[in-house]
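Trainee: What follows is a single structure, and I will ask about it in a moment.
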Amino acid sequence: MVCKEKNLVIERIDKNNILSIQSIQKVCEEPVWEASSLFHLLDKGSGYGYLAKKSRNTIGYILLRSLSNEEELLSLGVLKSNRRNGVAKRLFYEVERDVIKKNIYRIFLEVRVENNAAICFYKLIGFKKVKVLKNYYRADIGYEDGLLFSKVYFDDYKLS
Ligand SMILES: CC(C)(COP(=O)(O)OP(=O)(O)OC[C@H]1O[C@@H](n2cnc3c(N)ncnc32)[C@H](O)[C@@H]1OP(=O)(O)O)[C@@H](O)C(=O)NCCC(=O)NCCS
């Protein structure tokens with residue numbers, strides 16, 4: 001897979017990376033998770049993910065939670081100055097390697113209907129819309145719909 005961003009290093013997230021994750025969430029205008037929630041997720045909540053680093057600076061992250069036979073993509077962000085260079089794709093493919101090894105049925109996620117960049121990205125990497133989540137997110141005024149997306153890896157998987 002081609003990643004236009006040169007000298008990119010992908011590292012597994014650990015509990016020492018909480019501040020890096022929060023600072024990218026902030027500049028990406030993603031919900032900034034409380035340090036305690038991130039700590040719990042990574043320590044006890046079956047959360048995991050990866051950081052993308054360039055010259056030791058963190059430029060992107062992806063965060064997931066493992067459930068029994070599926071995974072939830074919880075949060076993803078790349079610094080504005082590093083976008084459209086394949087960083088998110090590279091992070092996702094790192095996750096996908098784990099998912100295939102673990103025999104996971106699917107990855108799912110929720111996204112705001114207005115988040116065109118993310119929706120284009122998810123479609124490009126093979127996610128399909130499952131349903132509309134009516135009035136799912138708070139907006140500046142009122143509520144905004146969300147979309148549930150999923151990417152299925154093992155079609156004949158029997159959900160218990
Ligand atoms: C969504 C996001 C993570 C994509 O990161 P990225 O590193 O720029 O994505 P990539 O470079 O790997 O993009 C791969 C492909 O996705 C699609 N894509 C990505 N951003 C896009 C955009 N703004 N508009 C249209 N398509 C886009 C394109 O097909 C792109 O390939 P191309 O650049 O060759 O055309 C980034 O825009 C971001 O951090 N957004 C803010 C946070 C956010 O919305 N997170 C998701 C919450 S659910």
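Within each chain, counting starts at residue 1; across the structure tokens, chains are named A, B, ... in the order shown, with ligands numbered 1 upward in that order.
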Neighbours of ligand 1 within 8 Å, counting only C-alpha atoms and all ligand atoms, as a ChimeraX atom specification?
Mentor: /A:3,25,28-30,60,74-80,82-90,109-112,115-125
Trainee: Enumerate the residues of chain A with a DSSP assignment of alpha helix (DSSP H), computed from the backbone, and present them as a ChimeraX atom specification.
Mentor: /A:18-27,35-43,87-101,116-124
Trainee: Output C-alpha atoms for every residue in the selection just made, as a PDB file, in the first residue's frame.
Mentor:
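Result file follows (result_29.pdb):
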```pdb
ATOM      1  CA  ILE A  18      -2.937   9.605  26.539  1.00  0.00           C
ATOM      2  CA  LEU A  19      -1.788  13.240  26.197  1.00  0.00           C
ATOM      3  CA  SER A  20      -0.809  12.733  22.543  1.00  0.00           C
ATOM      4  CA  ILE A  21      -4.224  11.287  21.757  1.00  0.00           C
ATOM      5  CA  GLN A  22      -6.005  14.124  23.538  1.00  0.00           C
ATOM      6  CA  SER A  23      -3.985  16.814  21.775  1.00  0.00           C
ATOM      7  CA  ILE A  24      -4.831  15.400  18.344  1.00  0.00           C
ATOM      8  CA  GLN A  25      -8.479  14.968  19.289  1.00  0.00           C
ATOM      9  CA  LYS A  26      -8.520  18.647  20.251  1.00  0.00           C
ATOM     10  CA  VAL A  27      -7.083  19.956  16.977  1.00  0.00           C
ATOM     11  CA  ALA A  35      -7.717  11.061  30.526  1.00  0.00           C
ATOM     12  CA  SER A  36      -9.395   8.686  32.988  1.00  0.00           C
ATOM     13  CA  SER A  37     -11.655   7.236  30.246  1.00  0.00           C
ATOM     14  CA  LEU A  38      -8.690   6.708  27.927  1.00  0.00           C
ATOM     15  CA  PHE A  39      -6.729   5.136  30.747  1.00  0.00           C
ATOM     16  CA  HIS A  40      -9.583   2.806  31.612  1.00  0.00           C
ATOM     17  CA  LEU A  41     -10.134   1.891  27.968  1.00  0.00           C
ATOM     18  CA  LEU A  42      -6.478   1.031  27.439  1.00  0.00           C
ATOM     19  CA  ASP A  43      -5.974  -0.579  30.813  1.00  0.00           C
ATOM     20  CA  VAL A  87      -1.956   8.368   7.064  1.00  0.00           C
ATOM     21  CA  ALA A  88      -5.452   7.281   8.142  1.00  0.00           C
ATOM     22  CA  LYS A  89      -5.364   4.500   5.565  1.00  0.00           C
ATOM     23  CA  ARG A  90      -2.025   3.283   6.940  1.00  0.00           C
ATOM     24  CA  LEU A  91      -3.393   3.324  10.505  1.00  0.00           C
ATOM     25  CA  PHE A  92      -6.490   1.445   9.447  1.00  0.00           C
ATOM     26  CA  TYR A  93      -4.533  -1.240   7.603  1.00  0.00           C
ATOM     27  CA  GLU A  94      -2.500  -1.837  10.745  1.00  0.00           C
ATOM     28  CA  VAL A  95      -5.771  -2.477  12.604  1.00  0.00           C
ATOM     29  CA  GLU A  96      -7.060  -4.635   9.807  1.00  0.00           C
ATOM     30  CA  ARG A  97      -4.085  -6.972  10.121  1.00  0.00           C
ATOM     31  CA  ASP A  98      -5.047  -7.579  13.763  1.00  0.00           C
ATOM     32  CA  VAL A  99      -8.695  -8.064  12.878  1.00  0.00           C
ATOM     33  CA  ILE A 100      -7.956 -10.700  10.265  1.00  0.00           C
ATOM     34  CA  LYS A 101      -5.577 -12.549  12.607  1.00  0.00           C
ATOM     35  CA  ASN A 116     -18.039  14.228   4.589  1.00  0.00           C
ATOM     36  CA  ALA A 117     -14.261  13.630   4.839  1.00  0.00           C
ATOM     37  CA  ALA A 118     -14.700  10.724   7.246  1.00  0.00           C
ATOM     38  CA  ILE A 119     -17.610   9.233   5.274  1.00  0.00           C
ATOM     39  CA  CYS A 120     -15.578   9.343   2.032  1.00  0.00           C
ATOM     40  CA  PHE A 121     -12.656   7.790   3.860  1.00  0.00           C
ATOM     41  CA  TYR A 122     -14.714   4.966   5.398  1.00  0.00           C
ATOM     42  CA  LYS A 123     -16.355   4.157   2.053  1.00  0.00           C
ATOM     43  CA  LEU A 124     -12.977   4.091   0.358  1.00  0.00           C
TER      44      LEU A 124
END
```
Trainee: Using only C-alpha atoms, which residue out of A:Phe154, A:Trp33, A:Tyr61, A:Phe149 lies closest to A:Val130?
Mentor: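 Closest candidate: A:Phe149.
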Trainee: Can you tell me which residues surround A:Arg12 at a distance of at most 8 Å, considering only C-alpha atoms, apart from same-chain residues fewer than 5 positions away, and format the answer as a PyMOL selection string?
Mentor: chain A and resi 48-51
Trainee: Those residues with N, CA and C atoms, as a tab-separated table (two decimals), in the first residue's frame please?
Mentor:
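Contents of the output file out.tsv:
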```
chain	number	residue	atom	x	y	z
A	48	TYR	N	-7.60	-0.60	22.24
A	48	TYR	CA	-6.26	-0.62	21.66
A	48	TYR	C	-6.24	0.31	20.45
A	49	GLY	N	-5.08	0.52	19.90
A	49	GLY	CA	-5.00	1.38	18.72
A	49	GLY	C	-3.56	1.64	18.33
A	50	TYR	N	-3.39	2.58	17.42
A	50	TYR	CA	-2.06	2.90	16.91
A	50	TYR	C	-1.89	4.40	16.77
A	51	LEU	N	-0.62	4.82	16.88
A	51	LEU	CA	-0.25	6.20	16.62
A	51	LEU	C	0.56	6.22	15.34
```
Trainee: Env of stretch 135-145 of chain A: 7 Å cut, atoms = only C-alpha atoms, seq-sep filter 2 positions within chain, self excluded. Answer as number ranges by chain.
Mentor: A: 112-113, 132-133, 147
Trainee: Save the residues we just selected, N, CA and C atoms, as a PDB file, in the first residue's frame?
Mentor:
```
ATOM      1  N   ARG A 112     -20.958  11.280  12.106  1.00  0.00           N
ATOM      2  CA  ARG A 112     -21.967  12.311  11.839  1.00  0.00           C
ATOM      3  C   ARG A 112     -22.267  12.383  10.348  1.00  0.00           C
ATOM      4  N   VAL A 113     -23.536  12.588   9.993  1.00  0.00           N
ATOM      5  CA  VAL A 113     -23.887  12.670   8.559  1.00  0.00           C
ATOM      6  C   VAL A 113     -23.162  13.818   7.858  1.00  0.00           C
ATOM      7  N   VAL A 132     -29.288   4.691   9.452  1.00  0.00           N
ATOM      8  CA  VAL A 132     -29.226   6.076   9.920  1.00  0.00           C
ATOM      9  C   VAL A 132     -29.594   6.072  11.407  1.00  0.00           C
ATOM     10  N   LEU A 133     -28.828   6.826  12.196  1.00  0.00           N
ATOM     11  CA  LEU A 133     -29.108   6.946  13.626  1.00  0.00           C
ATOM     12  C   LEU A 133     -29.725   8.334  13.831  1.00  0.00           C
ATOM     13  N   LEU A 147     -24.576   8.024  11.266  1.00  0.00           N
ATOM     14  CA  LEU A 147     -24.654   6.861  10.389  1.00  0.00           C
ATOM     15  C   LEU A 147     -23.891   5.731  11.049  1.00  0.00           C
TER      16      LEU A 147
END
```
Trainee: With a distance cut-off of 9 Å and only C-alpha atoms, select the neighbouring residues of A:Val9, excluding the residue or stretch itself and same-chain residues fewer than 5 positions from it, and output the selection as a list in words.
Mentor: Leu51, Ala52, Lys53, Lys54, Ser55 and Arg56 of chain A
Trainee: Have a look at atom CA of A:Arg106 and atom CA of A:Asn69 and let me know their distance in Å, one decimal.
Mentor: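 Interatomic distance here is 7.5 Å.
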Trainee: Please extract the residues of stretch 8-128 of chain A with a backbone DSSP assignment of strand (DSSP E) and present them as a VMD selection string.
Mentor: chain A and resid 8 to 12 47 to 54 57 to 66 70 to 78 106 to 112 128
Trainee: Include N, CA and C atoms and write out the residues we just selected as a tab-separated table (two decimals), in the first residue's frame.
Mentor:
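In the end it all went to selection21.tsv:
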```tsv
chain	number	residue	atom	x	y	z
A	8	LEU	N	7.05	7.56	7.95
A	8	LEU	CA	5.97	7.38	8.91
A	8	LEU	C	6.26	6.16	9.78
A	9	VAL	N	6.10	6.33	11.08
A	9	VAL	CA	6.30	5.20	11.99
A	9	VAL	C	4.97	4.92	12.67
A	10	ILE	N	4.57	3.66	12.67
A	10	ILE	CA	3.30	3.29	13.32
A	10	ILE	C	3.63	2.55	14.61
A	11	GLU	N	3.07	3.04	15.71
A	11	GLU	CA	3.34	2.41	17.02
A	11	GLU	C	2.04	2.04	17.70
A	12	ARG	N	2.08	0.94	18.41
A	12	ARG	CA	0.91	0.54	19.19
A	12	ARG	C	0.71	1.54	20.33
A	47	GLY	N	-9.47	-1.75	25.04
A	47	GLY	CA	-9.19	-0.78	23.99
A	47	GLY	C	-7.78	-0.96	23.47
A	48	TYR	N	-7.60	-0.60	22.24
A	48	TYR	CA	-6.26	-0.62	21.66
A	48	TYR	C	-6.24	0.31	20.45
A	49	GLY	N	-5.08	0.52	19.90
A	49	GLY	CA	-5.00	1.38	18.72
A	49	GLY	C	-3.56	1.64	18.33
A	50	TYR	N	-3.39	2.58	17.42
A	50	TYR	CA	-2.06	2.90	16.91
A	50	TYR	C	-1.89	4.40	16.77
A	51	LEU	N	-0.62	4.82	16.88
A	51	LEU	CA	-0.25	6.20	16.62
A	51	LEU	C	0.56	6.22	15.34
A	52	ALA	N	0.40	7.30	14.57
A	52	ALA	CA	1.28	7.54	13.42
A	52	ALA	C	2.23	8.65	13.83
A	53	LYS	N	3.54	8.40	13.68
A	53	LYS	CA	4.52	9.39	14.10
A	53	LYS	C	5.43	9.75	12.94
A	54	LYS	N	5.78	11.03	12.93
A	54	LYS	CA	6.74	11.51	11.94
A	54	LYS	C	7.75	12.34	12.69
A	57	ASN	N	7.06	13.09	16.19
A	57	ASN	CA	5.83	13.81	16.53
A	57	ASN	C	4.62	12.98	16.12
A	58	THR	N	3.64	12.96	17.00
A	58	THR	CA	2.43	12.20	16.68
A	58	THR	C	1.57	13.03	15.73
A	59	ILE	N	1.20	12.43	14.59
A	59	ILE	CA	0.40	13.16	13.61
A	59	ILE	C	-0.98	12.52	13.40
A	60	GLY	N	-1.18	11.35	14.00
A	60	GLY	CA	-2.49	10.72	13.85
A	60	GLY	C	-2.63	9.56	14.81
A	61	TYR	N	-3.89	9.13	14.99
A	61	TYR	CA	-4.14	8.00	15.89
A	61	TYR	C	-5.41	7.30	15.44
A	62	ILE	N	-5.53	6.06	15.86
A	62	ILE	CA	-6.78	5.31	15.67
A	62	ILE	C	-7.01	4.52	16.95
A	63	LEU	N	-8.25	4.49	17.38
A	63	LEU	CA	-8.58	3.88	18.67
A	63	LEU	C	-9.79	2.96	18.51
A	64	LEU	N	-9.67	1.74	19.01
A	64	LEU	CA	-10.77	0.79	18.90
A	64	LEU	C	-11.03	0.10	20.22
A	65	ARG	N	-12.18	-0.58	20.24
A	65	ARG	CA	-12.51	-1.41	21.41
A	65	ARG	C	-12.90	-2.79	20.90
A	66	SER	N	-12.33	-3.82	21.52
A	66	SER	CA	-12.66	-5.20	21.12
A	66	SER	C	-13.87	-5.67	21.91
A	70	GLU	N	-16.60	-8.68	17.48
A	70	GLU	CA	-16.52	-7.52	16.60
A	70	GLU	C	-15.72	-6.43	17.29
A	71	GLU	N	-15.38	-5.41	16.52
A	71	GLU	CA	-14.59	-4.32	17.07
A	71	GLU	C	-15.30	-3.02	16.75
A	72	GLU	N	-15.21	-2.08	17.67
A	72	GLU	CA	-15.79	-0.76	17.44
A	72	GLU	C	-14.68	0.25	17.21
A	73	LEU	N	-14.73	0.93	16.07
A	73	LEU	CA	-13.76	2.00	15.83
A	73	LEU	C	-14.29	3.22	16.59
A	74	LEU	N	-13.57	3.61	17.63
A	74	LEU	CA	-14.08	4.64	18.53
A	74	LEU	C	-13.65	6.04	18.12
A	75	SER	N	-12.47	6.19	17.60
A	75	SER	CA	-11.96	7.53	17.34
A	75	SER	C	-10.77	7.44	16.38
A	76	LEU	N	-10.69	8.46	15.53
A	76	LEU	CA	-9.64	8.48	14.50
A	76	LEU	C	-9.37	9.93	14.16
A	77	GLY	N	-8.12	10.30	14.04
A	77	GLY	CA	-7.82	11.68	13.65
A	77	GLY	C	-6.41	11.79	13.11
A	78	VAL	N	-6.27	12.72	12.16
A	78	VAL	CA	-4.96	13.03	11.57
A	78	VAL	C	-4.84	14.55	11.56
A	106	ARG	N	-16.65	-8.35	12.29
A	106	ARG	CA	-16.75	-7.06	11.61
A	106	ARG	C	-16.20	-5.93	12.47
A	107	ILE	N	-15.94	-4.81	11.83
A	107	ILE	CA	-15.66	-3.55	12.55
A	107	ILE	C	-16.87	-2.65	12.30
A	108	PHE	N	-17.33	-1.98	13.33
A	108	PHE	CA	-18.40	-1.00	13.12
A	108	PHE	C	-18.00	0.35	13.71
A	109	LEU	N	-18.72	1.38	13.30
A	109	LEU	CA	-18.42	2.72	13.79
A	109	LEU	C	-19.64	3.62	13.56
A	110	GLU	N	-19.61	4.75	14.25
A	110	GLU	CA	-20.65	5.75	14.07
A	110	GLU	C	-20.01	7.05	13.61
A	111	VAL	N	-20.69	7.75	12.72
A	111	VAL	CA	-20.13	9.00	12.19
A	111	VAL	C	-21.27	9.99	11.94
A	112	ARG	N	-20.96	11.28	12.11
A	112	ARG	CA	-21.97	12.31	11.84
A	112	ARG	C	-22.27	12.38	10.35
A	128	LYS	N	-19.59	-0.07	4.74
A	128	LYS	CA	-20.91	0.12	4.13
A	128	LYS	C	-21.86	0.67	5.19
```
Trainee: Atom CA of A:Ile104 and atom CA of A:Ser46, how far apart in Å?
Mentor: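 It comes out at 14.2 Å.
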